[in-house]
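J.: This is the structure, below, for whatever I ask next.
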Amino acid sequence: MIPVQAPAILALLQALLPAYWPAMPVPSFLAAQIEQETCPSLQHRMCFSERAELRTAREYGFGLGQLTITPRFNVFEEVKRMHHDLADWRFEDRFDRRRQLIALVVKDRAHFRSCSALMADAPAALACTAAQYNGGAGGFLADRRLCSNTSGCDPRQWFGHIEHTSTKAKTAVAGYGKSFFEINREYVRNVMQVRRAKYSPLMDAT
């Protein structure tokens with residue numbers, strides 16, 4: 001099932017990709033990511049909504065890519081520095097769906113470029129991209145180093161390798177019900193393996 005609000009959002013995303021990431025290898029990845037970020041269920045009113053918000057004692061996130069603001073980091077300010085088309089984006093205008101999509105694309109593109117130098121192929125680089133988008137580049141690199149030092153673990157592969165080695169806490173976090181390790185691994189698995197396939201006929205070139 002494709003959520004009711006998805007087609008309009010994905011049409012805009014497809015219109016933006018030629019300008020912001022023309023070589024994106026698997027556009028359905030982005031659709032799956034939006035679903036992961038905004039859909040508590042596929043029928044939820046915030047599913048594929050630019051007004052989706054997350055508020056916890058630890059963080060605030062908003063929009064189609066759930067740009068996160070915490071006392072330690074501000075992804076909203078980070079993405080504004082990543083492309084001139086976002087430079088004058090004001091917090092008061094944060095629910096602008098076009099800019100939210102540009103932010104998602106340029107942030108993923110930056111992660112994918114760095115991941116491509118580290119991983120074996122495009123699928124592994126996309127898994128790396130998802131892991132970094134959710135858990136940060138530093139956390140991914142620490143997990144990759146641990147994999148490198150673990151017998152039988154290939155640091156150029158995510159599934160079956162880096163996914164099983166982590167420095168992330170494995171105890172449940174108050175307000176989340178899961179550990180940061182579980183959250184990060186579930187994020188990658190959901191985007192890559194659970195949610196993406198249904199968007200492929202709509203988003204990916206044949």
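Lettering and numbering for the structure tokens are positional, with chains as A, B, ... in the shown order, residues counted from 1 in each chain, and ligands counted from 1 in the shown order.
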Set the distance at 12 Å and use only C-alpha atoms: which residues neighbour range 169-175 of chain A once local chain neighbours fewer than 3 positions away are removed? I'd like the list as a PyMOL selection string.

T.: chain A and resi 54-59+135+139+143+164-166+178-185

J.: Restricted to C-alpha atoms, what would the selected residues look like written as a PDB file, in the first residue's frame?

T.:
```pdb
ATOM      1  CA  LEU A  54       8.706  14.482  16.754  1.00  0.00           C
ATOM      2  CA  ARG A  55       9.067  15.986  20.215  1.00  0.00           C
ATOM      3  CA  THR A  56      10.884  14.241  23.050  1.00  0.00           C
ATOM      4  CA  ALA A  57      12.862  15.450  26.034  1.00  0.00           C
ATOM      5  CA  ARG A  58      15.988  14.797  23.968  1.00  0.00           C
ATOM      6  CA  GLU A  59      15.132  16.191  20.524  1.00  0.00           C
ATOM      7  CA  GLY A 135      22.945   7.796  13.595  1.00  0.00           C
ATOM      8  CA  GLY A 139      28.877   6.638  14.845  1.00  0.00           C
ATOM      9  CA  ASP A 143      31.104   0.831  13.968  1.00  0.00           C
ATOM     10  CA  HIS A 164      26.337  -6.663  13.692  1.00  0.00           C
ATOM     11  CA  THR A 165      29.250  -4.645  15.129  1.00  0.00           C
ATOM     12  CA  SER A 166      28.578  -1.446  17.021  1.00  0.00           C
ATOM     13  CA  LYS A 178      14.576   0.789  22.195  1.00  0.00           C
ATOM     14  CA  SER A 179      18.340   1.201  22.326  1.00  0.00           C
ATOM     15  CA  PHE A 180      20.147   3.495  19.923  1.00  0.00           C
ATOM     16  CA  PHE A 181      21.701   0.366  18.404  1.00  0.00           C
ATOM     17  CA  GLU A 182      18.255  -1.140  17.720  1.00  0.00           C
ATOM     18  CA  ILE A 183      16.896   2.134  16.366  1.00  0.00           C
ATOM     19  CA  ASN A 184      19.785   2.565  13.939  1.00  0.00           C
ATOM     20  CA  ARG A 185      19.773  -0.997  12.644  1.00  0.00           C
TER      21      ARG A 185
END
```

J.: As a PyMOL selection string, please: every residue in chain A that a backbone DSSP assignment puts in strand (DSSP E).

T.: chain A and resi 53-55+60-62+67-69

J.: Which residues of range 102-199 of chain A sit at most 8 Å from range 73-79 of chain A, using only C-alpha atoms? Give each one's shortest atom pair and distance in Å (one decimal place), in chain and ascending residue order, as JSON lines.

T.:
```
{"residue": "A:Ala103", "atom": "CA", "partner": "A:Val79", "partner_atom": "CA", "distance": 5.9}
{"residue": "A:Val106", "atom": "CA", "partner": "A:Val79", "partner_atom": "CA", "distance": 7.7}
{"residue": "A:Lys107", "atom": "CA", "partner": "A:Val79", "partner_atom": "CA", "distance": 6.7}
```

J.: May I have the residues from that selection written out with C-alpha atoms, as an mmCIF file, in the first residue's frame?

T.:
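Below is the file part.cif, written as the result:
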```cif
data_model
loop_
_atom_site.group_PDB
_atom_site.id
_atom_site.type_symbol
_atom_site.label_atom_id
_atom_site.label_comp_id
_atom_site.auth_asym_id
_atom_site.auth_seq_id
_atom_site.Cartn_x
_atom_site.Cartn_y
_atom_site.Cartn_z
ATOM 1 C CA ALA A 103 17.388 19.139 2.421
ATOM 2 C CA VAL A 106 21.448 17.057 -0.446
ATOM 3 C CA LYS A 107 22.115 15.513 2.961
#
```

J.: Mind pulling up the distance from CA of Phe29 in chain A to CA of Arg97 in chain A?

T.: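 That distance, rounded to one decimal, is 18.0 Å.
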
J.: I'd like the contact shell of range 115-129 of chain A - 7 Å cut-off, only C-alpha atoms, skipping same-chain residues fewer than 5 positions apart - returned as a list in words.

T.: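 The residues that qualify are Asp108, Arg156, Gln157, Trp158, Val188 and Met192 of chain A.
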
J.: Take the residues that were just selected and, keeping N, CA and C atoms, output them as a compact mmCIF listing (two decimals), in the first residue's frame.

T.:
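Saved to result_23.txt:
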```txt
# COMPACT_ATOMS: atom_id res chain seq x y z
N ASP A 108 21.46 13.36 2.03
CA ASP A 108 21.72 11.98 1.61
C ASP A 108 22.83 11.93 0.56
N ARG A 156 33.48 -3.34 4.22
CA ARG A 156 32.91 -2.75 3.01
C ARG A 156 31.49 -3.24 2.74
N GLN A 157 30.95 -4.01 3.69
CA GLN A 157 29.58 -4.50 3.56
C GLN A 157 28.79 -4.16 4.83
N TRP A 158 27.53 -3.76 4.64
CA TRP A 158 26.68 -3.47 5.80
C TRP A 158 25.97 -4.73 6.27
N VAL A 188 17.92 1.27 9.00
CA VAL A 188 18.53 0.81 7.75
C VAL A 188 17.73 -0.34 7.15
N MET A 192 15.85 -0.01 3.51
CA MET A 192 16.43 -0.80 2.43
C MET A 192 15.62 -2.05 2.08
```

J.: By how many Å are CA of Asp93 in chain A and CA of Asn190 in chain A apart?

T.: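 One can read the CA of Asp93 in chain A to CA of Asn190 in chain A distance as 29.5 Å.
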
J.: Of the candidates A:Gly138, A:Gly65, A:Pro18, A:Pro27, which one gets nearest to Leu104 in chain A if we count only C-alpha atoms?

T.: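 Among the listed residues, A:Gly65 lies closest to Leu104 in chain A.
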
J.: Between A:His44, A:Ala11, A:Phe112, A:Ile162, single out the one closest to Ala31 in chain A, counting only C-alpha atoms.

T.: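 Looking only at the distances to Ala31 in chain A, the closest residue turns out to be A:Ala11.
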
J.: How many Å lie between CA of Thr167 in chain A and CA of Ser148 in chain A, rounded to one decimal?

T.: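 Interatomic distance here is 12.9 Å.
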
J.: What are the DSSP helix (DSSP H, G or I) residues of range 8-204 of chain A, as JSON, numbers by chain?

T.: {"A": [8, 9, 10, 11, 12, 13, 14, 15, 16, 17, 18, 19, 20, 28, 29, 30, 31, 32, 33, 34, 35, 36, 37, 38, 75, 76, 77, 78, 79, 80, 84, 85, 86, 91, 92, 93, 97, 98, 99, 100, 101, 102, 103, 104, 105, 106, 107, 108, 109, 110, 111, 112, 113, 114, 115, 116, 122, 123, 124, 125, 126, 127, 128, 129, 130, 131, 132, 133, 134, 135, 137, 138, 139, 140, 141, 142, 143, 144, 145, 146, 147, 148, 162, 163, 164, 180, 181, 182, 183, 184, 185, 186, 187, 188, 189, 190, 191, 192, 193, 194, 195, 196, 197, 198, 199, 200, 201, 202, 203]}

J.: Can you tell me which residues surround Ala52 in chain A at a distance of at most 7 Å, considering only C-alpha atoms, apart from same-chain residues fewer than 4 positions away, and format the answer as JSON, numbers by chain?

T.: {"A": [38, 46, 62, 63, 64]}

J.: Restricting it to N, CA and C atoms, dump the selection as a PDB file, in the first residue's frame.

T.:
```pdb
ATOM      1  N   THR A  38       8.138   9.544   8.667  1.00  0.00           N
ATOM      2  CA  THR A  38       6.879  10.242   8.924  1.00  0.00           C
ATOM      3  C   THR A  38       5.678   9.352   9.216  1.00  0.00           C
ATOM      4  N   MET A  46      -0.161  11.987   9.519  1.00  0.00           N
ATOM      5  CA  MET A  46       1.127  12.642   9.311  1.00  0.00           C
ATOM      6  C   MET A  46       2.015  11.899   8.318  1.00  0.00           C
ATOM      7  N   PHE A  62      11.388  17.586  12.548  1.00  0.00           N
ATOM      8  CA  PHE A  62      10.245  18.041  11.762  1.00  0.00           C
ATOM      9  C   PHE A  62      10.403  17.678  10.295  1.00  0.00           C
ATOM     10  N   GLY A  63       9.247  17.551   9.636  1.00  0.00           N
ATOM     11  CA  GLY A  63       9.212  17.473   8.194  1.00  0.00           C
ATOM     12  C   GLY A  63       9.403  16.094   7.606  1.00  0.00           C
ATOM     13  N   LEU A  64       9.483  16.070   6.289  1.00  0.00           N
ATOM     14  CA  LEU A  64       9.565  14.827   5.525  1.00  0.00           C
ATOM     15  C   LEU A  64      10.840  14.050   5.802  1.00  0.00           C
TER      16      LEU A  64
END
```
